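Undergrad: model-v8.cif is reproduced in full below (mmCIF, C-alpha atoms and all ligand atoms).
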```cif
data_protein
#
loop_
_atom_site.label_atom_id
_atom_site.label_comp_id
_atom_site.auth_asym_id
_atom_site.auth_seq_id
_atom_site.Cartn_x
_atom_site.Cartn_y
_atom_site.Cartn_z
CA MET A 8 76.80 64.13 107.34
CA LYS A 9 75.38 64.25 103.81
CA LEU A 10 77.45 62.55 101.16
CA ILE A 11 77.83 64.52 97.92
CA LEU A 12 78.27 62.55 94.74
CA LYS A 13 80.70 64.07 92.29
CA ILE A 14 80.86 62.89 88.71
CA PHE A 15 84.09 63.14 86.73
CA ALA A 16 84.75 62.53 83.05
CA LYS A 17 88.13 62.61 81.36
CA ALA A 18 88.61 62.62 77.57
CA PRO A 19 91.91 62.60 75.67
CA GLY A 20 93.28 65.00 73.10
CA LYS A 21 94.64 63.63 69.83
CA ILE A 22 97.26 63.79 67.16
CA ILE A 23 96.50 63.13 63.51
CA ILE A 24 99.16 60.81 62.09
CA THR A 25 98.01 61.08 58.45
CA GLY A 26 95.13 62.49 56.42
CA GLU A 27 94.15 65.79 58.07
CA HIS A 28 92.33 68.19 55.74
CA PHE A 29 91.87 65.41 53.15
CA VAL A 30 89.54 63.74 55.67
CA VAL A 31 87.14 66.69 55.32
CA HIS A 32 86.91 65.81 51.58
CA GLY A 33 86.21 62.10 52.08
CA SER A 34 89.66 60.52 52.62
CA LEU A 35 90.55 58.18 55.47
CA ALA A 36 92.65 59.67 58.27
CA LEU A 37 94.71 58.00 60.98
CA ALA A 38 94.68 59.50 64.48
CA THR A 39 95.49 58.54 68.02
CA ALA A 40 94.60 59.62 71.53
CA ILE A 41 97.34 61.31 73.57
CA ASP A 42 98.01 61.37 77.29
CA LYS A 43 96.82 64.95 77.72
CA GLY A 44 93.14 65.79 77.90
CA ALA A 45 90.18 67.49 79.53
CA LEU A 46 88.83 66.68 82.99
CA VAL A 47 85.24 67.72 83.71
CA GLN A 48 83.49 67.56 87.05
CA ALA A 49 79.69 67.87 87.05
CA GLU A 50 76.96 67.96 89.67
CA ALA A 51 73.20 68.44 89.67
CA PHE A 52 72.27 72.13 90.08
CA GLU A 53 69.21 74.37 89.74
CA ASP A 54 70.69 76.45 86.86
CA ILE A 55 73.31 75.80 84.21
CA GLU A 56 76.71 76.95 85.43
CA ILE A 57 80.06 76.49 83.68
CA LEU A 58 83.42 77.26 85.24
CA SER A 59 86.70 76.98 83.36
CA LYS A 60 90.08 78.52 84.12
CA ALA A 61 90.94 78.75 80.42
CA LEU A 62 87.52 79.62 78.94
CA GLY A 63 85.84 81.79 81.61
CA SER A 64 82.59 81.30 83.45
CA TYR A 65 78.85 81.33 82.73
CA SER A 66 75.66 81.12 84.74
CA SER A 67 72.17 80.87 83.23
CA LYS A 68 71.12 83.43 85.89
CA LYS A 69 73.30 86.06 84.19
CA ARG A 70 72.43 84.92 80.65
CA GLN A 71 75.42 86.61 78.92
CA VAL A 72 77.49 83.78 77.41
CA PRO A 73 81.17 84.42 76.71
CA LEU A 74 81.93 83.37 73.10
CA SER A 75 84.52 80.90 74.41
CA LEU A 76 81.80 78.99 76.32
CA LYS A 77 79.03 79.06 73.74
CA PRO A 78 80.02 75.69 72.17
CA THR A 79 80.11 73.99 75.60
CA LEU A 80 76.82 75.56 76.66
CA GLU A 81 75.07 74.38 73.49
CA ALA A 82 76.44 70.86 73.98
CA ILE A 83 75.15 70.85 77.58
CA LYS A 84 71.71 72.05 76.45
CA ALA A 85 71.64 69.41 73.70
CA THR A 86 72.54 66.71 76.24
CA LEU A 87 69.83 67.82 78.69
CA GLU A 88 67.30 67.90 75.87
CA PHE A 89 68.40 64.50 74.58
CA ILE A 90 67.96 62.96 78.03
CA GLY A 91 64.70 64.85 78.50
CA GLU A 92 65.80 66.61 81.69
CA LYS A 93 64.56 70.02 82.81
CA LYS A 94 67.13 70.18 85.66
CA GLY A 95 70.31 72.24 85.54
CA VAL A 96 73.90 71.21 86.01
CA ARG A 97 77.13 72.75 87.25
CA VAL A 98 80.20 71.89 85.19
CA MET A 99 83.83 72.56 86.07
CA ILE A 100 86.33 72.20 83.22
CA ASP A 101 90.05 71.69 83.49
CA SER A 102 92.41 70.79 80.65
CA ASP A 103 96.13 70.33 80.14
CA LEU A 104 95.79 70.66 76.36
CA PRO A 105 96.92 73.90 74.75
CA VAL A 106 93.99 75.55 72.91
CA SER A 107 93.92 76.09 69.11
CA SER A 108 97.03 73.97 68.63
CA GLY A 109 95.82 70.91 66.73
CA LEU A 110 95.76 68.61 69.77
CA GLY A 111 91.97 68.28 70.00
CA SER A 112 91.40 70.54 73.01
CA SER A 113 87.85 71.61 72.10
CA SER A 114 86.78 68.01 71.35
CA ALA A 115 88.20 66.66 74.58
CA VAL A 116 86.28 69.35 76.51
CA ALA A 117 83.08 68.66 74.55
CA VAL A 118 83.21 64.87 74.99
CA ALA A 119 84.11 65.00 78.70
CA THR A 120 81.34 67.57 79.25
CA VAL A 121 78.51 65.63 77.59
CA ALA A 122 79.62 62.39 79.29
CA ALA A 123 79.79 64.04 82.74
CA VAL A 124 76.48 65.90 82.33
CA ALA A 125 74.63 62.73 81.26
CA SER A 126 76.15 60.71 84.11
CA THR A 127 75.14 63.38 86.65
CA LEU A 128 71.57 62.75 85.53
CA ASP A 129 72.04 58.96 85.84
CA HIS A 130 72.19 58.48 82.09
CA GLU A 131 74.89 56.52 80.32
CA LEU A 132 75.42 57.68 76.75
CA SER A 133 76.47 55.23 74.02
CA PRO A 134 79.68 56.15 72.15
CA GLU A 135 77.60 57.20 69.11
CA GLU A 136 75.41 59.44 71.28
CA MET A 137 78.50 61.05 72.83
CA VAL A 138 79.92 61.73 69.36
CA ASN A 139 76.63 63.30 68.17
CA LEU A 140 76.23 65.52 71.23
CA ALA A 141 79.89 66.63 71.29
CA MET A 142 79.59 67.50 67.58
CA VAL A 143 77.05 70.21 68.55
CA SER A 144 79.94 72.01 70.25
CA GLU A 145 82.47 71.21 67.51
CA ARG A 146 80.25 72.63 64.74
CA ILE A 147 80.07 75.96 66.58
CA THR A 148 83.85 75.97 67.15
CA HIS A 149 85.04 74.76 63.72
CA GLY A 150 82.21 75.24 61.22
CA ARG A 151 82.40 72.01 59.22
CA PRO A 152 84.49 69.51 61.20
CA SER A 153 85.02 65.97 59.94
CA GLY A 154 84.45 64.61 63.45
CA ILE A 155 87.82 62.88 63.72
CA ASP A 156 88.81 64.69 66.94
CA VAL A 157 85.54 63.84 68.69
CA ASN A 158 85.77 60.18 67.63
CA VAL A 159 89.30 59.86 69.06
CA ALA A 160 88.19 61.51 72.31
CA VAL A 161 85.31 59.01 72.63
CA TYR A 162 86.93 55.76 71.45
CA GLY A 163 90.59 56.42 72.34
CA GLY A 164 93.41 54.29 70.94
CA VAL A 165 94.45 54.54 67.33
CA ILE A 166 91.62 54.93 64.81
CA LEU A 167 91.16 54.94 61.08
CA PHE A 168 88.42 57.47 60.45
CA LYS A 169 86.27 58.34 57.42
CA ILE A 170 83.25 60.67 57.46
CA GLY A 171 80.01 58.70 57.66
CA GLU A 172 81.66 55.43 58.73
CA LYS A 173 82.19 53.86 62.15
CA PRO A 174 85.85 54.38 63.11
CA ARG A 175 88.11 51.32 62.82
CA GLN A 176 90.31 50.66 65.85
CA ILE A 177 93.93 49.74 65.07
CA LYS A 178 95.41 47.26 67.52
CA LEU A 179 99.08 47.67 68.37
CA ASP A 180 101.03 44.75 69.82
CA LYS A 181 103.88 46.95 70.99
CA ASP A 182 104.19 50.59 72.04
CA VAL A 183 105.03 53.20 69.43
CA GLU A 184 106.31 56.60 70.52
CA PHE A 185 105.82 59.92 68.75
CA ILE A 186 107.30 63.28 69.66
CA VAL A 187 104.99 66.31 69.65
CA CYS A 188 106.57 69.76 69.27
CA HIS A 189 104.50 72.88 69.80
CA SER A 190 105.29 76.02 67.79
CA GLY A 191 103.63 78.16 70.48
CA ILE A 192 101.47 79.77 67.78
CA GLU A 193 97.68 79.35 67.89
CA HIS A 194 95.69 78.67 64.72
CA ARG A 195 92.07 78.79 63.58
CA THR A 196 90.98 75.44 62.20
CA SER A 197 88.02 76.88 60.25
CA LYS A 198 90.30 79.39 58.48
CA MET A 199 92.82 76.69 57.53
CA VAL A 200 90.05 74.31 56.37
CA SER A 201 88.65 77.06 54.08
CA LYS A 202 92.12 77.85 52.74
CA PHE A 203 92.75 74.17 51.99
CA SER A 204 89.32 73.77 50.35
CA GLU A 205 90.14 76.69 48.00
CA MET A 206 92.68 74.35 46.37
CA LYS A 207 89.81 72.17 45.21
CA LYS A 208 88.51 75.07 43.10
CA LEU A 209 91.97 76.02 41.83
CA TYR A 210 93.26 72.52 40.98
CA PRO A 211 90.23 70.17 40.82
CA ASN A 212 91.99 67.20 39.15
CA LEU A 213 95.11 67.39 41.33
CA PHE A 214 92.91 67.78 44.40
CA THR A 215 90.84 64.68 43.57
CA SER A 216 93.93 62.55 42.99
CA LEU A 217 95.50 63.77 46.25
CA VAL A 218 92.36 62.85 48.20
CA ALA A 219 92.67 59.35 46.69
CA SER A 220 96.41 59.27 47.53
CA SER A 221 95.70 60.36 51.09
CA ASN A 222 93.25 57.49 51.41
CA TYR A 223 95.77 55.00 50.01
CA PHE A 224 98.74 56.20 52.09
CA THR A 225 96.63 56.39 55.25
CA GLU A 226 95.74 52.68 54.87
CA LYS A 227 99.46 51.98 54.32
CA ALA A 228 100.38 54.07 57.37
CA ALA A 229 97.93 52.13 59.57
CA PHE A 230 99.41 48.87 58.31
CA ALA A 231 102.96 50.13 58.91
CA LEU A 232 102.02 51.24 62.43
CA MET A 233 100.47 47.84 63.21
CA ASN A 234 103.59 46.09 61.96
CA ARG A 235 105.94 48.57 63.58
CA ASP A 236 107.43 49.33 60.17
CA LEU A 237 108.70 52.75 61.22
CA THR A 238 110.68 53.36 58.03
CA THR A 239 107.52 53.17 55.88
CA LEU A 240 105.47 55.14 58.39
CA GLY A 241 108.11 57.90 58.56
CA ALA A 242 108.27 58.14 54.74
CA ILE A 243 104.47 58.47 54.56
CA MET A 244 104.52 61.22 57.21
CA ASN A 245 107.13 63.12 55.16
CA PHE A 246 104.96 62.75 52.05
CA PHE A 247 101.95 64.23 53.88
CA HIS A 248 103.94 67.16 55.20
CA SER A 249 105.23 68.07 51.79
CA VAL A 250 101.73 67.94 50.24
CA LEU A 251 100.17 69.95 53.10
CA SER A 252 103.03 72.42 52.90
CA ASN A 253 102.57 72.84 49.13
CA PHE A 254 98.93 73.71 49.82
CA GLY A 255 100.00 76.46 52.24
CA MET A 256 99.16 74.68 55.50
CA SER A 257 102.64 74.89 57.03
CA THR A 258 104.50 77.90 58.40
CA ARG A 259 108.16 78.84 58.72
CA GLU A 260 108.02 77.91 62.42
CA LEU A 261 106.49 74.46 61.72
CA ASP A 262 109.03 73.79 58.94
CA GLN A 263 111.87 74.73 61.31
CA LEU A 264 110.54 72.31 63.95
CA ILE A 265 110.40 69.57 61.32
CA GLU A 266 113.94 70.27 60.20
CA LYS A 267 115.18 70.12 63.81
CA ALA A 268 113.32 66.85 64.49
CA LEU A 269 114.77 65.22 61.35
CA GLU A 270 118.26 66.55 62.18
CA ALA A 271 117.89 64.98 65.64
CA GLY A 272 117.44 61.57 63.96
CA CYS A 273 113.67 61.20 63.50
CA ILE A 274 112.54 59.04 60.58
CA GLY A 275 109.58 61.23 59.63
CA ALA A 276 107.90 64.46 60.69
CA LYS A 277 104.83 66.44 59.67
CA LEU A 278 102.43 69.10 60.87
CA THR A 279 99.46 67.67 62.77
CA GLY A 280 95.93 69.09 62.74
CA ALA A 281 94.95 72.12 60.71
CA GLY A 282 98.42 73.74 60.47
CA GLY A 283 99.05 77.50 60.19
CA GLY A 284 100.53 77.18 63.70
CA GLY A 285 99.98 74.54 66.36
CA CYS A 286 102.10 71.41 66.46
CA ILE A 287 104.19 68.97 64.50
CA ILE A 288 104.65 65.27 65.20
CA ALA A 289 107.90 63.40 64.64
CA LEU A 290 108.63 59.68 64.59
CA PRO A 291 111.88 58.73 66.34
CA LYS A 292 113.75 55.47 65.69
CA SER A 293 112.77 52.65 68.02
CA GLY A 294 114.02 53.32 71.57
CA GLU A 295 115.32 56.82 70.75
CA ALA A 296 112.32 58.95 71.78
CA ARG A 297 113.76 60.10 75.11
CA VAL A 298 117.18 61.05 73.70
CA VAL A 299 115.62 62.92 70.76
CA ALA A 300 113.07 64.75 72.95
CA GLU A 301 115.82 65.81 75.38
CA SER A 302 118.01 67.07 72.55
CA LEU A 303 115.09 69.09 71.11
CA LYS A 304 114.30 70.53 74.55
CA ARG A 305 117.93 71.63 74.92
CA LYS A 306 117.40 73.66 71.73
CA GLY A 307 114.49 75.45 73.45
CA ILE A 308 111.75 73.43 71.70
CA ASP A 309 108.54 72.52 73.55
CA ALA A 310 108.81 68.77 72.89
CA SER A 311 106.97 65.90 74.59
CA ILE A 312 106.64 62.16 74.04
CA VAL A 313 103.36 60.42 73.24
CA LYS A 314 103.33 56.70 73.90
CA LEU A 315 100.56 54.72 72.15
CA PRO A 316 97.98 53.38 72.67
CA LEU A 317 95.82 55.33 75.17
CA GLU A 318 92.20 55.00 76.25
CA GLY A 319 89.17 57.13 75.33
CA VAL A 320 86.64 58.92 77.53
CA LYS A 321 86.25 57.58 81.07
CA VAL A 322 83.50 58.47 83.57
CA TRP A 323 83.64 57.82 87.32
CA GLN A 324 82.06 58.91 90.61
CA GLU A 325 83.58 60.09 93.87
CA LYS A 326 81.82 60.59 97.18
CA SER A 327 82.82 63.52 99.40
O1 LIG B 401 91.39 71.45 64.80
P1 LIG B 401 92.61 70.69 64.43
O2 LIG B 401 93.81 71.53 64.25
O3 LIG B 401 92.83 69.51 65.33
O4 LIG B 401 92.34 70.08 62.94
C1 LIG B 401 91.40 69.08 62.71
C2 LIG B 401 91.72 68.32 61.47
C3 LIG B 401 91.20 68.88 60.15
O5 LIG B 401 91.28 67.78 59.24
C4 LIG B 401 92.08 69.99 59.64
C5 LIG B 401 89.77 69.37 60.23
C6 LIG B 401 88.73 68.29 60.44
O6 LIG B 401 87.63 68.64 60.85
O7 LIG B 401 89.01 67.10 60.20
#
```
Render the structure in this file as structure tokens.
Ligand code: PMV
TA:
Amino acid sequence: MKLILKIFAKAPGKIIITGEHFVVHGSLALATAIDKGALVQAEAFEDIEILSKALGSYSSKKRQVPLSLKPTLEAIKATLEFIGEKKGVRVMIDSDLPVSSGLGSSSAVAVATVAAVASTLDHELSPEEMVNLAMVSERITHGRPSGIDVNVAVYGGVILFKIGEKPRQIKLDKDVEFIVCHSGIEHRTSKMVSKFSEMKKLYPNLFTSLVASSNYFTEKAAFALMNRDLTTLGAIMNFFHSVLSNFGMSTRELDQLIEKALEAGCIGAKLTGAGGGGCIIALPKSGEARVVAESLKRKGIDASIVKLPLEGVKVWQEKS
């Protein structure tokens, strides 16, 4: 009996704790991996074939690429070219991350895909190489992404991220729990990033000082997280939500979720990711995450707990 070697790669989604949007304009941002992500299985094949329940399917024999798979296809091609392989690959994608919701679904898929494809061809990519290859996909999906999502998917844990710099890992001595609530409304990151960037033209001085404030408060938030100073962290989250909301990034639905989370006893709450739909994150008091999440669920809210820290992309083999 012939043994078939299957390669698997799993990469996490993310939440941004502070600094989204400002990060695109040079500020630091604080983000963490979450326990949902993308699982990709890859095997050597004569053509390029992609199968995904959520995104559709593609075969290089048929040529026609569904728009939803174009970013993944380009990342696969870039990986094959980078390794210098003329062979094909078959990739099967599965994900438990909701799409277009600010939880890093496209990045998790991109990172797991490039890692699995390289490993199928006996090549181990460095973290930097994974980031660069996954960014091929992210640029097609989002236009001008900062790269924060891809960096979290590769490195995992909690990271302080700034464009052009190596991400700084934040070490936590004890668990911290966040609650993620999904509005059920999808958003387009590129649209929200353009809308936010318009503010730079309208209010250049205010915009510059807010980018500096975002940088300052993100450093403070990382410090508060490390020291488990939840009161300070919650206050900083509330500050970010009010600024993002003033710049038109929130929606009625997101504001309602925030109100409900604060009513249920959370110390801070804010939108996470691009806004205009997607998710909010809320910080419960120590030891209260379960009670708060249950009470939100009873109100019909799609709430789940994220316990930090969590690992980044992982690649393994199985024989069958
Ligand atoms: O795509 P989302 O919703 O996870 O947003 C990413 C975060 C932004 O700061 C809005 C964009 C970026 O590229 O950093």
Undergrad: Just give me the gap between atom CA of A:Cys188 and atom CA of A:Ile288 in Å, one decimal is fine.
TA: 6.4 Å
Undergrad: Skipping near chain neighbours, those fewer than 6 positions away, what residues fall within 12 Å of A:Met256 using all atoms listed in the file, listed as an NGL selection string?
TA: :A and (27-28 or 194-196 or 198-206 or 247-250 or 262 or 277-287)
Undergrad: If I take atom CA of A:Ala119 and atom CA of A:Gly150, how far is one from the other in Å, to one decimal?
TA: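 Result for atom CA of A:Ala119 versus atom CA of A:Gly150: 20.3 Å, one decimal.
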Undergrad: Report, in Å to a single decimal, how far apart atom CA of A:Val98 and atom CA of A:Ser59 are.
TA: 8.5 Å
Undergrad: When you count only C-alpha atoms and all ligand atoms, which of these residues is closest to ligand LIG 401 (chain B): A:Asn158, A:Ser75, A:Ser102, A:Thr127?
TA: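 Once distances to ligand LIG 401 (chain B) are computed over only C-alpha atoms and all ligand atoms, the minimum belongs to A:Asn158.
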Undergrad: Fewer than 5 positions away in the same chain doesn't count, so skip those; otherwise give me all residues within 9 Å of A:Ala36, counting only C-alpha atoms, as a list in words.
TA: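 Neighbouring residues, sequence-local ones excluded: Ile23, Ile24, Thr25, Gly26, Glu27, His28, Phe29, Val30, Ile155, Ile166, Leu167, Phe168, Lys169, Ser221, Asn222, Thr225 and Glu226 of chain A.
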Undergrad: Could you check which residues have any atom within 7 Å of (84.4, 61.7, 74.6), counting all atoms listed in the file with coordinates taken straight from the file, and then list them as a count of residues only?
TA: 12
Undergrad: Which polymer residues have any atom within 12 Å of an atom of A:Lys77, counting only C-alpha atoms, with same-chain residues fewer than 2 positions away left out, as a list in words?
TA: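 Surrounding residues, per the criterion: Ile57, Leu62, Gly63, Ser64, Tyr65, Ser66, Ser67, Arg70, Gln71, Val72, Pro73, Leu74, Ser75, Thr79, Leu80, Glu81, Ala82, Ile83, Lys84, Ser113, Ala117, Val143, Ser144, Glu145, Arg146, Ile147 and Thr148 of chain A.
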Undergrad: Let me make sure I understand: among A:Met233, A:Ile312, A:Leu128, A:Ile170, which one has the smallest atom-to-atom distance to ligand LIG 401 (chain B) if we use only C-alpha atoms and all ligand atoms?
TA: A:Ile170
Undergrad: Once you count only C-alpha atoms, which residues end up no further than 12 Å from (113.7, 77.4, 69.2) in the file's frame, shown as a list of chain:residue names?
TA: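 Final list of nearby residues, as requested, is A:Cys188, A:His189, A:Ser190, A:Gly191, A:Arg259, A:Glu260, A:Leu261, A:Asp262, A:Gln263, A:Leu264, A:Ile265, A:Glu266, A:Lys267, A:Ala268, A:Ser302, A:Leu303, A:Lys304, A:Arg305, A:Lys306, A:Gly307, A:Ile308, A:Asp309, A:Ala310.
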Undergrad: Could the residues in this selection be saved with C-alpha atoms as a PDB file, in the coordinates of the input?
TA:
```
ATOM      1  CA  CYS A 188     106.570  69.760  69.270  1.00  0.00           C
ATOM      2  CA  HIS A 189     104.500  72.880  69.800  1.00  0.00           C
ATOM      3  CA  SER A 190     105.290  76.020  67.790  1.00  0.00           C
ATOM      4  CA  GLY A 191     103.630  78.160  70.480  1.00  0.00           C
ATOM      5  CA  ARG A 259     108.160  78.840  58.720  1.00  0.00           C
ATOM      6  CA  GLU A 260     108.020  77.910  62.420  1.00  0.00           C
ATOM      7  CA  LEU A 261     106.490  74.460  61.720  1.00  0.00           C
ATOM      8  CA  ASP A 262     109.030  73.790  58.940  1.00  0.00           C
ATOM      9  CA  GLN A 263     111.870  74.730  61.310  1.00  0.00           C
ATOM     10  CA  LEU A 264     110.540  72.310  63.950  1.00  0.00           C
ATOM     11  CA  ILE A 265     110.400  69.570  61.320  1.00  0.00           C
ATOM     12  CA  GLU A 266     113.940  70.270  60.200  1.00  0.00           C
ATOM     13  CA  LYS A 267     115.180  70.120  63.810  1.00  0.00           C
ATOM     14  CA  ALA A 268     113.320  66.850  64.490  1.00  0.00           C
ATOM     15  CA  SER A 302     118.010  67.070  72.550  1.00  0.00           C
ATOM     16  CA  LEU A 303     115.090  69.090  71.110  1.00  0.00           C
ATOM     17  CA  LYS A 304     114.300  70.530  74.550  1.00  0.00           C
ATOM     18  CA  ARG A 305     117.930  71.630  74.920  1.00  0.00           C
ATOM     19  CA  LYS A 306     117.400  73.660  71.730  1.00  0.00           C
ATOM     20  CA  GLY A 307     114.490  75.450  73.450  1.00  0.00           C
ATOM     21  CA  ILE A 308     111.750  73.430  71.700  1.00  0.00           C
ATOM     22  CA  ASP A 309     108.540  72.520  73.550  1.00  0.00           C
ATOM     23  CA  ALA A 310     108.810  68.770  72.890  1.00  0.00           C
TER      24      ALA A 310
END
```
